[in-house]
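Note sheet for the following structure.
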Protein chains: 4
Amino acid sequence: MRAMQLRGVLAPLPTPFDESGALDVKRLRTALPKWTASRVSGIVMLGTTGEAGLLSDAEAARVIEEARALVPRERTLIAGTARESTAHAVAAAKQAASLGADAVLVRTPCFFKGQMNGDAFERHYRAVADASPVPVLLYNFTAATGVNLQPDTVARLAEHPNIVGVKESGSDIAQIADLVAAAPAGFSVLAGSASTFHAALCAGVDGGILALAALIPDACVRLFDLVRSGQYEEGRALQRRMLPLARLISTGYGVPGLKAALALTGIDAGLPRAPLAQAPDAAVAALRSALHTFEDAFA
Amino acid sequence: MRAMQLRGVLAPLPTPFDESGALDVKRLRTALPKWTASRVSGIVMLGTTGEAGLLSDAEAARVIEEARALVPRERTLIAGTARESTAHAVAAAKQAASLGADAVLVRTPCFFKGQMNGDAFERHYRAVADASPVPVLLYNFTAATGVNLQPDTVARLAEHPNIVGVKESGSDIAQIADLVAAAPAGFSVLAGSASTFHAALCAGVDGGILALAALIPDACVRLFDLVRSGQYEEGRALQRRMLPLARLISTGYGVPGLKAALALTGIDAGLPRAPLAQAPDAAVAALRSALHTFEDAFA
Amino acid sequence: MRAMQLRGVLAPLPTPFDESGALDVKRLRTALPKWTASRVSGIVMLGTTGEAGLLSDAEAARVIEEARALVPRERTLIAGTARESTAHAVAAAKQAASLGADAVLVRTPCFFKGQMNGDAFERHYRAVADASPVPVLLYNFTAATGVNLQPDTVARLAEHPNIVGVKESGSDIAQIADLVAAAPAGFSVLAGSASTFHAALCAGVDGGILALAALIPDACVRLFDLVRSGQYEEGRALQRRMLPLARLISTGYGVPGLKAALALTGIDAGLPRAPLAQAPDAAVAALRSALHTFEDAFA
Amino acid sequence: MRAMQLRGVLAPLPTPFDESGALDVKRLRTALPKWTASRVSGIVMLGTTGEAGLLSDAEAARVIEEARALVPRERTLIAGTARESTAHAVAAAKQAASLGADAVLVRTPCFFKGQMNGDAFERHYRAVADASPVPVLLYNFTAATGVNLQPDTVARLAEHPNIVGVKESGSDIAQIADLVAAAPAGFSVLAGSASTFHAALCAGVDGGILALAALIPDACVRLFDLVRSGQYEEGRALQRRMLPLARLISTGYGVPGLKAALALTGIDAGLPRAPLAQAPDAAVAALRSALHTFEDAFA
C-alpha cells in the first residue's frame, strides 16, 4: 500500500522577497491564508514557482517551517527539495520532513545533461526515496532542465514504496498518456502545465500542480471537477478561457508575471529575487487585460 | 456558407510501387476497395503517406485518376497537391480538381525556412485557394517541414471561402486547442497524429487524417465515435491500445513500416520508392507483434 | 584518379524571374557575364541560391542550357540536380550532363527525415553517381533540410570514383574538420557558409560555394587566397568585414536579400518566385548600409 | 587599464571525491602538483569540470583554500563561483577572493530560461563585478545551460573595469568571431571547447579553458603556441590528433570520462559524485585506446 495518494489541484506558491531581496516572512504569513482558503487540495512550497533555486538551504528551511504553521494538517503540504547532488537532495528531503512537510517534490538533476540518463535518475531517486521520511514525488520539467525523465524510468521507480507519484510539466500529451498507462494502482500522475490541463485530464491524470492555481485556484479546481464528473465539453470551454492567463504565467512572464498578476488580485507575494526582475509594464497591462477577460467570462 | 465540411476519420493511403520502382497501378486498383469498404469518411491520396514528394506530376495525375474511378462519389476524395512554388501548387490543384478530387490538401512550402513566415503562407494559400476549383485544406506538419503554420495565420486564412479546414500533424495539444478556438463555424480542424488523436478529440477537433487509418481504419473511426458520443474513458482505453502501432507507423518506421504492416494484414500496397527502402526485419517483427497485441485486445 | 578536383571559390547564382513570376532568360543572359568576369573558379546554377526547388524540370533544363552557352569552358559549371526520389535525381543528373554541366551538386533528400539515415544516403548517392555521366558533388545543408550527412557516410561515399567532393553548408567546425580528415586524396571539401569561411579554410577545406560569392566574388576569392598563402591574420580581418553582409544574405533575408543586394550593385537578377517575396524596405536599407561599410573598408 | 589579462591555456581541474562521496582533500593535494608542473598558464577550480554544482558552499571554500596553497602565485588561480541567485553569486565571489582566488569564473544563471535575456545577464554580472574584490570572467555554456550570452551583451559588459574576459564554451565559430570582434583592447576571449580550439584560435581568441587541458595540458599549450607563432598547418594536424580524446571527454563521457582517463595516465582524481557515476567499462576501453593513439602520434 502506498503511503499517500495525491489527487486534484495543488497550488505551487511563490516565495515573497522584499525590496532588498531578503526573504519576506511577513508577506508570506499574510498571503498564505488566502490560498489555504481556496479549494486546492494541497500547497507546494519551493517548487519552480517558489524560486527554489534562488534560496539558501537555511531560507528554504524557514519557508517550510512558516508554511507548516499556516497550512492546516488536513491539507497536503509538499516541499520542493531538488538539488543537483544526490547527497544534498537526501539532506534536503530529511530536513523538509523534520519541518513538517507531508511529501517532497524532487526535480531531476540536470546540469550534467550528457550523463543524466535513466540509470542516473534511478540511482538518484532511489537514494532519496530510501532516505526520505516522507513520500517522494518525481518531477520532470524538460523545458527548464533540458533533460527528460522517461515514462519507462518512472515505471521502474514507481515500484519503490516511498515514491508516490510524478509531476510532469511537459505538454507532450503522448508522454503523459504513457505515464498514465504505466502507473501502478495508487501511483499519482500530476500535470504541471495549465495550458494543457484539460488534455492531461482527458488522458487520465490524477490532478495537477499548476502555477496558475496560485492565481485562480478555484477555477483550476473547477476544471478538474468538470472532467472528473464527465462534463468534458464544459471543461474544454473553461480551459479555453484559462489559456491566455496560463500562457502569460508560463512561457510569457514566468514567476515575475505571476507575482504581478497576484498583486493585481490583491495578493502581495513580494518581488522576485535577482537575477529575476519585476515584470515590465507591458506584462502588467497584458495580465490585467487577461484577468478582466477571464473574470468577465465568469460574471 | 462553406463549400465543404470535413468530419470523422479520413485515411491517407500509400502509393504502391513495384519491384522496379515504377508506379504500380494494378496493386492500387486491387487494394483501394479494401479501404473504401471500411467506415472512413474519406480517402486522401498523395499525402505524406502517399510518398507524394517522390512522384512526378504525371504520376500524381495518374494516381488521382485511378482513385477517382474507385472511390465512390459519396466518399470524399482528397488529393495532396503540395509544391514548393506557388504557381506549381496552383497548377497541381487545378489538375487534381479536373481529375475528380473533391478537395486538395496543401502542405506548407518549407524549403526556404527563413522566409516562410505568416505572410508568405498567406500569400501562398490565398493564391492557391483563389485559383483552385475545389476547396483547399491547409496542412501543417512541422516535424517533417521545420516550419510552423501558426493558429493566427490559420484564423486569417479561414476567412477565405475556399479554404475549408486545416490538417495539423503536430502533437502540441495547446496549438490544437488554439486552432479549435480560432476556427470559424464550419471550418474543420483535423488531427494528423494518431498517437494523440484522443487528446485532439477532447480538445475539440472535427476528426483526423491519420496514417494509422490506412492500417486499422475501423478502430480509428470507433475512437472518433466514442469521444463524439461522450464515452471518453472508453476512447482513452482504445487510444492506449492503438498507441504502440501508431508509434511504429509514425516516428518508428514511417511509410515503409506502414506498407510492411499492411502486407501483414493481407493488403499489398507495394514497395516504397527509393531512397526509401523496405522496412527491415526487426521492423516487421515489431509490427507483427504490435498487430497481434492490438487484435487480441479486440478479440 | 578522380575525374575532377574542385578548389577555390565557386559562386552559386540566383535564377532571375520576371514580374509575372516567369523564368527570365533575358536577365540571366545579361547578368551572367558579370559573374564570369570575376575571379571565381566556377559557377553553380540551380543550387539553393538558384531557388532550384521552385523550378520545373523544363525550366531547370533551360537554365543549364543558357548558362553553358555563357560560361566559358575553362570555368567549371555545376548544376544543382537534387530531387527527393532517387530515380528523379538520376534523371536530372543525366539531363544536366547532356546540357553541358561539368558536374552535378546533389543535395540530400530530406522529406522522410526518420528514414534518411546513412544507409539511405549511401543508396541514393551511389545510384546517382553510378548513372551520372559527370562527377557528383554531395551537398549537406542541415539548417534547410533537417537531416545531416555524417562525415563517416561521406568517407564511404568518397570511395566512389564518380563522387568528387562535398559541399557542407553547416557551421559546425568540428564536423568540417572531420570531413577534411576523412577525405581521401583528391576529394574536395567545400564550405557552404560565408560567415564561417575563414574558419573552414583554417580547418583545411579546399574552397567554398558561397552565396556571398554571387555578391562580392572577388572578396571571397581574396579571402581564399589569403589563407592559402598563409596570411591568416589578414584573412581573419577580411572575414570580419564580410560578416555583416554574409549574415544578411544567409540567416537574414536569404535569396530575396541577395537579389536586392545585387540590384544595389547594379546587377539585375530579377525577382524571387512566390512564395518568396521581394526583400522588404528594411532589408534593402540594411543591405545598402552593409554594402557601403564593406566597400569603404576596401577604399 | 584592465586588472588582468588572460592568455594561453588554463586547465579546469576535477574535484576528487572518495568512495563514500566525500570531498577528498588528500587526493587533491597529491594530484594538484602534477598539473602545476605542466605548462598551463593557469588553473580553474570549481568549473563545470570541477562538478561545482555538486558541492556545498563550505566544500567549495575548502577546495579554493587547498588549491591556493598549492598553486604558485605566478600561476593564475581562478575559482568558479556561479550561483543561480545574484546575491549568492556575489557572496561566492567575495569568499573566493578572500581565499586567494585571482579571479572568478561566473557562469550565466540559467534555470529561469524565459527570463534570462540580455538585461538579466547585465544586471547579474554588473552586480557581481561591482562587488567582487577580484576580476570577473563571464562564462557562457549554452549546451549545458540552455541560455545564450550574446556577443552584444558581452560587449556591453566588457566596459565594466572589473570584467576581464569571457569563456565561451560553444562551438559556433561565428559567435566566437563576433566576440573577438567586439572585445575591447585587453578583454580576453577564451574558448571552452577543445574540439574546436584550433578554429577558435584562428578566429582570434586569446586562449582557452579546456577540460582536455586537465588530461593533456602540454599538448593543448603546444596547439596554442603553434597557432600563435603562425604554424597553422601544424596546429591543424595537432588538433586532428586531439579530436578523439576531446570528444570522449566532452560530449562522450564528461567528467566521469575525464576522471577515468586521468586514472589511466596515473593521476588519481578520485570518483565522481552522485548522481554522476564512474565511467562504464566501455568508456575506459575507448579512452585507453584514444590515449594510446594520441601518444603514439607523439612518439
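A note on labels: chains of the C-alpha cells are A, B, ... as shown, every chain counts residues from 1, and ligands are counted from 1 in their shown order.
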
Within 10 Å of chain B: each chain A residue with its shortest pair, only C-alpha atoms, as CSV:
```
residue,atom,partner,partner_atom,distance
A:Ser171,CA,B:Asp172,CA,6.8
A:Asp172,CA,B:Asp172,CA,6.4
A:Ile173,CA,B:Thr196,CA,6.7
A:Ala174,CA,B:Thr196,CA,5.9
A:Gln175,CA,B:Thr196,CA,9.7
A:Ala177,CA,B:Arg240,CA,7.6
A:Asp178,CA,B:Arg240,CA,8.2
A:Val180,CA,B:Arg240,CA,9.7
A:Ala181,CA,B:Arg240,CA,7.4
A:Ala194,CA,B:Ala174,CA,9.9
A:Ser195,CA,B:Ala174,CA,6.4
A:Thr196,CA,B:Ala174,CA,5.9
A:Phe197,CA,B:Ala174,CA,9.6
A:His198,CA,B:Ala203,CA,7.9
A:Ala199,CA,B:Ala199,CA,5.6
A:Ala200,CA,B:Ala199,CA,7.9
A:Leu201,CA,B:Ala199,CA,9.4
A:Cys202,CA,B:Cys202,CA,6.6
A:Ala203,CA,B:Ala199,CA,6.6
A:Gly204,CA,B:Arg236,CA,8.0
A:Val227,CA,B:Tyr232,CA,9.8
A:Gly230,CA,B:Tyr232,CA,8.1
A:Gln231,CA,B:Gly230,CA,8.9
A:Tyr232,CA,B:Cys202,CA,7.4
A:Glu233,CA,B:Cys202,CA,8.1
A:Gly235,CA,B:Cys202,CA,9.7
A:Arg236,CA,B:Ala203,CA,6.6
A:Ala237,CA,B:Ala181,CA,9.3
A:Gln239,CA,B:Ala177,CA,9.1
A:Arg240,CA,B:Ala181,CA,7.4
A:Arg241,CA,B:Ala181,CA,10.0
A:Leu243,CA,B:Ala174,CA,8.5
A:Arg247,CA,B:Ala174,CA,9.9
```

Keeping only N, CA and C atoms, write the selected residues as a compact mmCIF listing (two decimals), in the first residue's frame.
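Saved result, result29.txt, follows:
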```
# COMPACT_ATOMS: atom_id res chain seq x y z
N SER A 171 4.18 19.32 -22.14
CA SER A 171 2.87 19.33 -22.78
C SER A 171 2.77 18.27 -23.87
N ASP A 172 3.71 17.32 -23.88
CA ASP A 172 3.65 16.22 -24.83
C ASP A 172 2.61 15.22 -24.31
N ILE A 173 1.44 15.27 -24.91
CA ILE A 173 0.32 14.52 -24.36
C ILE A 173 0.52 13.02 -24.52
N ALA A 174 1.32 12.62 -25.51
CA ALA A 174 1.59 11.18 -25.65
C ALA A 174 2.45 10.68 -24.50
N GLN A 175 3.39 11.50 -24.08
CA GLN A 175 4.21 11.11 -22.93
C GLN A 175 3.35 11.03 -21.66
N ALA A 177 0.17 10.34 -21.59
CA ALA A 177 -0.62 9.12 -21.73
C ALA A 177 0.20 7.89 -21.35
N ASP A 178 1.46 7.90 -21.73
CA ASP A 178 2.34 6.78 -21.36
C ASP A 178 2.52 6.69 -19.86
N VAL A 180 0.40 7.65 -17.58
CA VAL A 180 -0.86 7.14 -17.03
C VAL A 180 -0.95 5.63 -17.24
N ALA A 181 -0.56 5.20 -18.44
CA ALA A 181 -0.64 3.78 -18.75
C ALA A 181 0.31 2.97 -17.88
N ALA A 194 -0.61 24.26 -17.04
CA ALA A 194 -2.01 24.68 -17.01
C ALA A 194 -2.61 24.81 -18.39
N SER A 195 -1.78 25.13 -19.39
CA SER A 195 -2.35 25.35 -20.72
C SER A 195 -2.79 24.05 -21.37
N THR A 196 -2.35 22.92 -20.84
CA THR A 196 -2.79 21.63 -21.38
C THR A 196 -3.44 20.77 -20.30
N PHE A 197 -3.97 21.40 -19.27
CA PHE A 197 -4.52 20.64 -18.14
C PHE A 197 -5.75 19.83 -18.57
N HIS A 198 -6.63 20.43 -19.35
CA HIS A 198 -7.82 19.69 -19.81
C HIS A 198 -7.40 18.45 -20.59
N ALA A 199 -6.44 18.62 -21.50
CA ALA A 199 -5.98 17.48 -22.29
C ALA A 199 -5.37 16.41 -21.39
N ALA A 200 -4.62 16.84 -20.40
CA ALA A 200 -3.99 15.88 -19.48
C ALA A 200 -5.05 15.14 -18.68
N LEU A 201 -6.07 15.85 -18.25
CA LEU A 201 -7.17 15.19 -17.53
C LEU A 201 -7.87 14.18 -18.42
N CYS A 202 -8.10 14.56 -19.68
CA CYS A 202 -8.71 13.61 -20.62
C CYS A 202 -7.81 12.39 -20.80
N ALA A 203 -6.50 12.60 -20.69
CA ALA A 203 -5.57 11.48 -20.83
C ALA A 203 -5.48 10.66 -19.55
N GLY A 204 -6.15 11.12 -18.49
CA GLY A 204 -6.25 10.29 -17.30
C GLY A 204 -5.39 10.66 -16.11
N VAL A 227 -14.10 17.66 -15.53
CA VAL A 227 -13.69 16.49 -16.29
C VAL A 227 -13.95 15.22 -15.48
N GLY A 230 -17.31 13.99 -15.80
CA GLY A 230 -17.75 13.65 -17.14
C GLY A 230 -18.22 14.83 -17.98
N GLN A 231 -18.09 16.05 -17.47
CA GLN A 231 -18.52 17.22 -18.24
C GLN A 231 -17.34 17.76 -19.07
N TYR A 232 -16.98 16.97 -20.07
CA TYR A 232 -15.79 17.28 -20.86
C TYR A 232 -15.93 18.57 -21.66
N GLU A 233 -17.09 18.79 -22.22
CA GLU A 233 -17.29 19.98 -23.05
C GLU A 233 -17.18 21.25 -22.22
N GLY A 235 -15.61 21.50 -19.47
CA GLY A 235 -14.21 21.59 -19.09
C GLY A 235 -13.38 22.24 -20.19
N ARG A 236 -13.66 21.83 -21.41
CA ARG A 236 -12.92 22.39 -22.53
C ARG A 236 -13.16 23.89 -22.67
N ALA A 237 -14.39 24.30 -22.45
CA ALA A 237 -14.71 25.74 -22.54
C ALA A 237 -13.96 26.51 -21.45
N GLN A 239 -11.16 25.55 -19.98
CA GLN A 239 -9.73 25.53 -20.35
C GLN A 239 -9.43 26.67 -21.33
N ARG A 240 -10.30 26.84 -22.30
CA ARG A 240 -10.09 27.88 -23.31
C ARG A 240 -10.04 29.26 -22.67
N ARG A 241 -10.89 29.49 -21.70
CA ARG A 241 -10.88 30.80 -21.04
C ARG A 241 -9.62 31.00 -20.20
N LEU A 243 -6.70 29.78 -20.94
CA LEU A 243 -5.48 29.68 -21.75
C LEU A 243 -4.65 30.97 -21.80
N ARG A 247 -0.79 31.11 -20.35
CA ARG A 247 0.41 31.39 -21.16
C ARG A 247 1.20 32.56 -20.62
```

- [ ] Extract, using only C-alpha atoms, all DNA, RNA and protein residues at most 8 Å from Arg27 in chain D, discarding same-chain residues fewer than 3 positions from it, and format them as a list in words.
- [x]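 Residues meeting the cut-off are Pro16, Asp24, Thr30, Ala31, Asp268, Ala269 and Gly270 of chain D.
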
Open item on the list: With only C-alpha atoms as the counted atoms, please give the residues lying no more than 6 Å from range 144-154 of chain D, apart from itself and same-chain residues fewer than 3 positions off, as a ChimeraX atom specification.
Closed with: /D:110,118,140-141,157-158,179

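The residue set within 9 Å of Asp130 in chain C, counting only C-alpha atoms and dropping same-chain residues fewer than 4 places from it, reads Val90, Tyr125, Arg126, His160 and Asn162 of chain C.
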
For all heavy atoms, I'd like the residues from the last selection saved as a PDB file, in the first residue's frame.
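Final output, saved to part_6.pdb:
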```
ATOM      1  N   VAL C  90      18.531  10.816 -60.541  1.00  0.00           N
ATOM      2  CA  VAL C  90      19.338  10.217 -61.610  1.00  0.00           C
ATOM      3  C   VAL C  90      18.994  10.867 -62.952  1.00  0.00           C
ATOM      4  O   VAL C  90      19.886  11.276 -63.718  1.00  0.00           O
ATOM      5  CB  VAL C  90      19.093   8.687 -61.674  1.00  0.00           C
ATOM      6  CG1 VAL C  90      19.564   8.106 -62.999  1.00  0.00           C
ATOM      7  CG2 VAL C  90      19.765   7.997 -60.489  1.00  0.00           C
ATOM      8  N   TYR C 125      23.057   8.191 -53.180  1.00  0.00           N
ATOM      9  CA  TYR C 125      24.200   8.793 -53.868  1.00  0.00           C
ATOM     10  C   TYR C 125      24.923   7.800 -54.778  1.00  0.00           C
ATOM     11  O   TYR C 125      25.413   8.151 -55.846  1.00  0.00           O
ATOM     12  CB  TYR C 125      25.166   9.408 -52.855  1.00  0.00           C
ATOM     13  CG  TYR C 125      24.716  10.759 -52.365  1.00  0.00           C
ATOM     14  CD1 TYR C 125      24.403  10.985 -51.028  1.00  0.00           C
ATOM     15  CD2 TYR C 125      24.589  11.830 -53.253  1.00  0.00           C
ATOM     16  CE1 TYR C 125      24.003  12.238 -50.574  1.00  0.00           C
ATOM     17  CE2 TYR C 125      24.175  13.089 -52.811  1.00  0.00           C
ATOM     18  CZ  TYR C 125      23.884  13.286 -51.471  1.00  0.00           C
ATOM     19  OH  TYR C 125      23.476  14.524 -51.047  1.00  0.00           O
ATOM     20  N   ARG C 126      24.982   6.540 -54.360  1.00  0.00           N
ATOM     21  CA  ARG C 126      25.629   5.557 -55.228  1.00  0.00           C
ATOM     22  C   ARG C 126      24.842   5.389 -56.532  1.00  0.00           C
ATOM     23  O   ARG C 126      25.422   5.277 -57.615  1.00  0.00           O
ATOM     24  CB  ARG C 126      25.773   4.208 -54.519  1.00  0.00           C
ATOM     25  CG  ARG C 126      26.844   4.226 -53.434  1.00  0.00           C
ATOM     26  CD  ARG C 126      27.129   2.839 -52.853  1.00  0.00           C
ATOM     27  NE  ARG C 126      27.947   2.953 -51.655  1.00  0.00           N
ATOM     28  CZ  ARG C 126      29.263   3.170 -51.654  1.00  0.00           C
ATOM     29  NH1 ARG C 126      29.915   3.270 -52.810  1.00  0.00           N
ATOM     30  NH2 ARG C 126      29.928   3.279 -50.516  1.00  0.00           N
ATOM     31  N   HIS C 160      33.741   6.177 -54.027  1.00  0.00           N
ATOM     32  CA  HIS C 160      33.151   6.019 -55.367  1.00  0.00           C
ATOM     33  C   HIS C 160      33.905   6.919 -56.345  1.00  0.00           C
ATOM     34  O   HIS C 160      34.058   8.115 -56.093  1.00  0.00           O
ATOM     35  CB  HIS C 160      31.672   6.410 -55.314  1.00  0.00           C
ATOM     36  CG  HIS C 160      30.907   5.995 -56.532  1.00  0.00           C
ATOM     37  ND1 HIS C 160      31.105   6.566 -57.761  1.00  0.00           N
ATOM     38  CD2 HIS C 160      29.936   5.072 -56.715  1.00  0.00           C
ATOM     39  CE1 HIS C 160      30.292   6.007 -58.647  1.00  0.00           C
ATOM     40  NE2 HIS C 160      29.567   5.088 -58.029  1.00  0.00           N
ATOM     41  N   ASN C 162      33.167   8.350 -59.003  1.00  0.00           N
ATOM     42  CA  ASN C 162      32.439   9.469 -59.623  1.00  0.00           C
ATOM     43  C   ASN C 162      31.901  10.462 -58.591  1.00  0.00           C
ATOM     44  O   ASN C 162      31.124  11.345 -58.923  1.00  0.00           O
ATOM     45  CB  ASN C 162      31.296   8.931 -60.496  1.00  0.00           C
ATOM     46  CG  ASN C 162      30.888   9.927 -61.568  1.00  0.00           C
ATOM     47  OD1 ASN C 162      31.712  10.734 -62.018  1.00  0.00           O
ATOM     48  ND2 ASN C 162      29.627   9.876 -61.969  1.00  0.00           N
TER      49      ASN C 162
END
```

When DSSP works through the backbone of this structure, what residues of range 89-204 of chain D end up as alpha helix (DSSP H), shown as a short mmCIF file (atom, residue, chain, number, x, y, z; two decimals) with N, CA and C atoms, in the first residue's frame?
```cif
data_model
loop_
_atom_site.label_atom_id
_atom_site.label_comp_id
_atom_site.auth_asym_id
_atom_site.auth_seq_id
_atom_site.Cartn_x
_atom_site.Cartn_y
_atom_site.Cartn_z
N ALA D 89 25.76 34.63 -5.83
CA ALA D 89 26.95 34.72 -6.69
C ALA D 89 27.90 35.79 -6.17
N VAL D 90 27.34 36.88 -5.67
CA VAL D 90 28.17 37.94 -5.08
C VAL D 90 28.92 37.40 -3.86
N ALA D 91 28.19 36.71 -3.00
CA ALA D 91 28.81 36.17 -1.79
C ALA D 91 29.90 35.17 -2.13
N ALA D 92 29.63 34.33 -3.13
CA ALA D 92 30.63 33.32 -3.52
C ALA D 92 31.88 33.97 -4.09
N ALA D 93 31.71 35.05 -4.84
CA ALA D 93 32.89 35.75 -5.40
C ALA D 93 33.71 36.36 -4.28
N LYS D 94 33.03 36.96 -3.32
CA LYS D 94 33.76 37.57 -2.20
C LYS D 94 34.54 36.50 -1.43
N GLN D 95 33.87 35.39 -1.19
CA GLN D 95 34.54 34.33 -0.43
C GLN D 95 35.75 33.80 -1.20
N ALA D 96 35.57 33.57 -2.50
CA ALA D 96 36.68 33.05 -3.30
C ALA D 96 37.86 34.01 -3.27
N ALA D 97 37.57 35.29 -3.36
CA ALA D 97 38.64 36.28 -3.32
C ALA D 97 39.36 36.24 -1.98
N SER D 98 38.58 36.12 -0.93
CA SER D 98 39.19 36.12 0.40
C SER D 98 40.06 34.88 0.62
N GLY D 118 19.28 39.40 -22.19
CA GLY D 118 20.47 40.24 -22.03
C GLY D 118 20.39 41.16 -20.83
N ASP D 119 19.22 41.72 -20.59
CA ASP D 119 19.07 42.62 -19.43
C ASP D 119 19.34 41.89 -18.13
N ALA D 120 18.79 40.69 -18.00
CA ALA D 120 19.00 39.93 -16.76
C ALA D 120 20.48 39.61 -16.58
N PHE D 121 21.15 39.23 -17.68
CA PHE D 121 22.58 38.92 -17.57
C PHE D 121 23.37 40.17 -17.19
N GLU D 122 22.99 41.30 -17.78
CA GLU D 122 23.71 42.53 -17.44
C GLU D 122 23.56 42.86 -15.96
N ARG D 123 22.33 42.81 -15.46
CA ARG D 123 22.12 43.10 -14.04
C ARG D 123 22.96 42.16 -13.17
N HIS D 124 22.88 40.88 -13.50
CA HIS D 124 23.57 39.87 -12.71
C HIS D 124 25.08 40.13 -12.70
N TYR D 125 25.65 40.27 -13.86
CA TYR D 125 27.11 40.39 -13.93
C TYR D 125 27.61 41.73 -13.39
N ARG D 126 26.85 42.79 -13.60
CA ARG D 126 27.29 44.08 -13.05
C ARG D 126 27.29 44.03 -11.52
N ALA D 127 26.28 43.38 -10.96
CA ALA D 127 26.23 43.29 -9.50
C ALA D 127 27.42 42.49 -8.97
N VAL D 128 27.72 41.38 -9.65
CA VAL D 128 28.85 40.57 -9.21
C VAL D 128 30.16 41.34 -9.39
N ALA D 129 30.32 41.98 -10.53
CA ALA D 129 31.58 42.68 -10.81
C ALA D 129 31.75 43.89 -9.90
N ASP D 130 30.66 44.57 -9.58
CA ASP D 130 30.76 45.70 -8.64
C ASP D 130 31.27 45.24 -7.27
N ALA D 131 30.83 44.07 -6.87
CA ALA D 131 31.12 43.63 -5.50
C ALA D 131 32.38 42.79 -5.38
N THR D 142 26.16 27.25 -23.44
CA THR D 142 24.77 27.04 -23.88
C THR D 142 24.35 25.58 -23.87
N ALA D 143 25.26 24.69 -24.25
CA ALA D 143 24.88 23.27 -24.33
C ALA D 143 24.45 22.74 -22.96
N ALA D 144 25.01 23.27 -21.90
CA ALA D 144 24.65 22.80 -20.56
C ALA D 144 23.53 23.63 -19.95
N THR D 145 23.46 24.91 -20.30
CA THR D 145 22.53 25.80 -19.61
C THR D 145 21.24 26.06 -20.39
N PRO D 151 26.99 38.00 -27.94
CA PRO D 151 28.15 38.89 -28.08
C PRO D 151 27.84 40.36 -27.79
N ASP D 152 26.66 40.85 -28.15
CA ASP D 152 26.41 42.27 -27.88
C ASP D 152 26.26 42.53 -26.37
N THR D 153 25.74 41.57 -25.63
CA THR D 153 25.69 41.72 -24.17
C THR D 153 27.10 41.67 -23.59
N VAL D 154 27.90 40.76 -24.10
CA VAL D 154 29.29 40.69 -23.66
C VAL D 154 30.00 42.01 -23.93
N ALA D 155 29.74 42.59 -25.10
CA ALA D 155 30.39 43.85 -25.45
C ALA D 155 30.02 44.94 -24.45
N ARG D 156 28.78 44.98 -24.05
CA ARG D 156 28.37 46.00 -23.06
C ARG D 156 29.04 45.72 -21.71
N LEU D 157 29.06 44.47 -21.32
CA LEU D 157 29.67 44.13 -20.03
C LEU D 157 31.19 44.34 -20.03
N ILE D 173 31.44 28.98 -34.42
CA ILE D 173 32.64 29.77 -34.68
C ILE D 173 32.29 31.21 -35.08
N ALA D 174 31.11 31.41 -35.63
CA ALA D 174 30.71 32.79 -35.98
C ALA D 174 30.46 33.60 -34.71
N GLN D 175 29.88 32.96 -33.71
CA GLN D 175 29.68 33.67 -32.44
C GLN D 175 31.03 33.99 -31.79
N ILE D 176 31.97 33.08 -31.87
CA ILE D 176 33.31 33.34 -31.33
C ILE D 176 33.97 34.49 -32.09
N ALA D 177 33.81 34.50 -33.40
CA ALA D 177 34.38 35.61 -34.19
C ALA D 177 33.75 36.93 -33.78
N ASP D 178 32.46 36.92 -33.50
CA ASP D 178 31.79 38.14 -33.03
C ASP D 178 32.34 38.60 -31.69
N LEU D 179 32.59 37.66 -30.81
CA LEU D 179 33.15 38.03 -29.50
C LEU D 179 34.52 38.68 -29.68
N VAL D 180 35.34 38.07 -30.53
CA VAL D 180 36.68 38.62 -30.78
C VAL D 180 36.55 40.03 -31.37
N ALA D 181 35.62 40.18 -32.31
CA ALA D 181 35.46 41.49 -32.96
C ALA D 181 34.97 42.54 -31.96
N ALA D 182 34.15 42.12 -31.02
CA ALA D 182 33.54 43.07 -30.09
C ALA D 182 34.41 43.36 -28.87
N PHE D 197 39.25 24.09 -30.74
CA PHE D 197 40.22 25.06 -30.23
C PHE D 197 41.04 25.67 -31.37
N HIS D 198 41.48 24.84 -32.30
CA HIS D 198 42.26 25.38 -33.42
C HIS D 198 41.44 26.42 -34.18
N ALA D 199 40.20 26.10 -34.47
CA ALA D 199 39.34 27.05 -35.20
C ALA D 199 39.16 28.33 -34.39
N ALA D 200 38.98 28.20 -33.10
CA ALA D 200 38.81 29.39 -32.26
C ALA D 200 40.08 30.24 -32.24
N LEU D 201 41.22 29.58 -32.21
CA LEU D 201 42.48 30.33 -32.26
C LEU D 201 42.62 31.05 -33.60
N CYS D 202 42.24 30.37 -34.67
CA CYS D 202 42.27 31.02 -35.99
C CYS D 202 41.32 32.21 -36.00
#
```

Task: Straight-line distance linking CA of Met116 in chain B with CA of Ala274 in chain B, stated in Å to one decimal - done: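 CA of Ala274 in chain B lies 28.1 Å from CA of Met116 in chain B.
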
Open item on the list: Residues near Asp102 in chain C, anyone? I mean within 9 Å using only C-alpha atoms, not counting same-chain ones fewer than 4 positions away, as JSON, numbers by chain.
Closed with: {"C": [76, 77, 78, 79, 96, 97, 134, 135]}

Open item on the list: Write out as JSON, numbers by chain the set of residues from range 20-63 of chain A that DSSP, computed on the backbone, places in strand (DSSP E).
Closed with: {"A": [42, 43, 44, 45]}

Write the selection just made, keeping C-alpha atoms, as a PDB file, in the first residue's frame?
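selection-v9.pdb, written as the output of this step:
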```pdb
ATOM      1  CA  GLY A  42      -2.621  20.949  -1.325  1.00  0.00           C
ATOM      2  CA  ILE A  43       0.135  23.513  -1.301  1.00  0.00           C
ATOM      3  CA  VAL A  44       3.619  23.207  -2.771  1.00  0.00           C
ATOM      4  CA  MET A  45       6.361  25.420  -1.394  1.00  0.00           C
TER       5      MET A  45
END
```

Open item on the list: My list of candidates is A:Tyr139, A:Tyr253, A:Phe112, A:Trp35. Which is closest to Val189 in chain A when distances are computed with only C-alpha atoms?
Closed with: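 Using only C-alpha atoms, Val189 in chain A sits closest to A:Tyr139.
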
TODO: Compile the contact shell of Arg288 in chain A as a list in words: residues with an atom at most 9 Å away, counting only C-alpha atoms, same-chain residues fewer than 5 positions apart removed.
DONE: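 Answer for this query is Ala261, Leu264, Ala283 and Thr293 of chain A.
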
Preceding selection exported with N, CA and C atoms as a compact mmCIF listing (two decimals), in the first residue's frame:
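Saved file part14.txt follows:
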```txt
# COMPACT_ATOMS: atom_id res chain seq x y z
N ALA A 261 0.61 39.48 -11.38
CA ALA A 261 -0.81 39.16 -11.51
C ALA A 261 -1.45 39.03 -10.13
N LEU A 264 -2.28 42.29 -8.76
CA LEU A 264 -3.49 42.84 -9.38
C LEU A 264 -4.76 42.28 -8.72
N ALA A 283 3.91 43.73 -19.42
CA ALA A 283 3.42 42.47 -18.86
C ALA A 283 2.23 42.74 -17.94
N THR A 293 -10.68 39.81 -18.74
CA THR A 293 -11.39 38.96 -19.69
C THR A 293 -11.82 37.67 -19.02
```
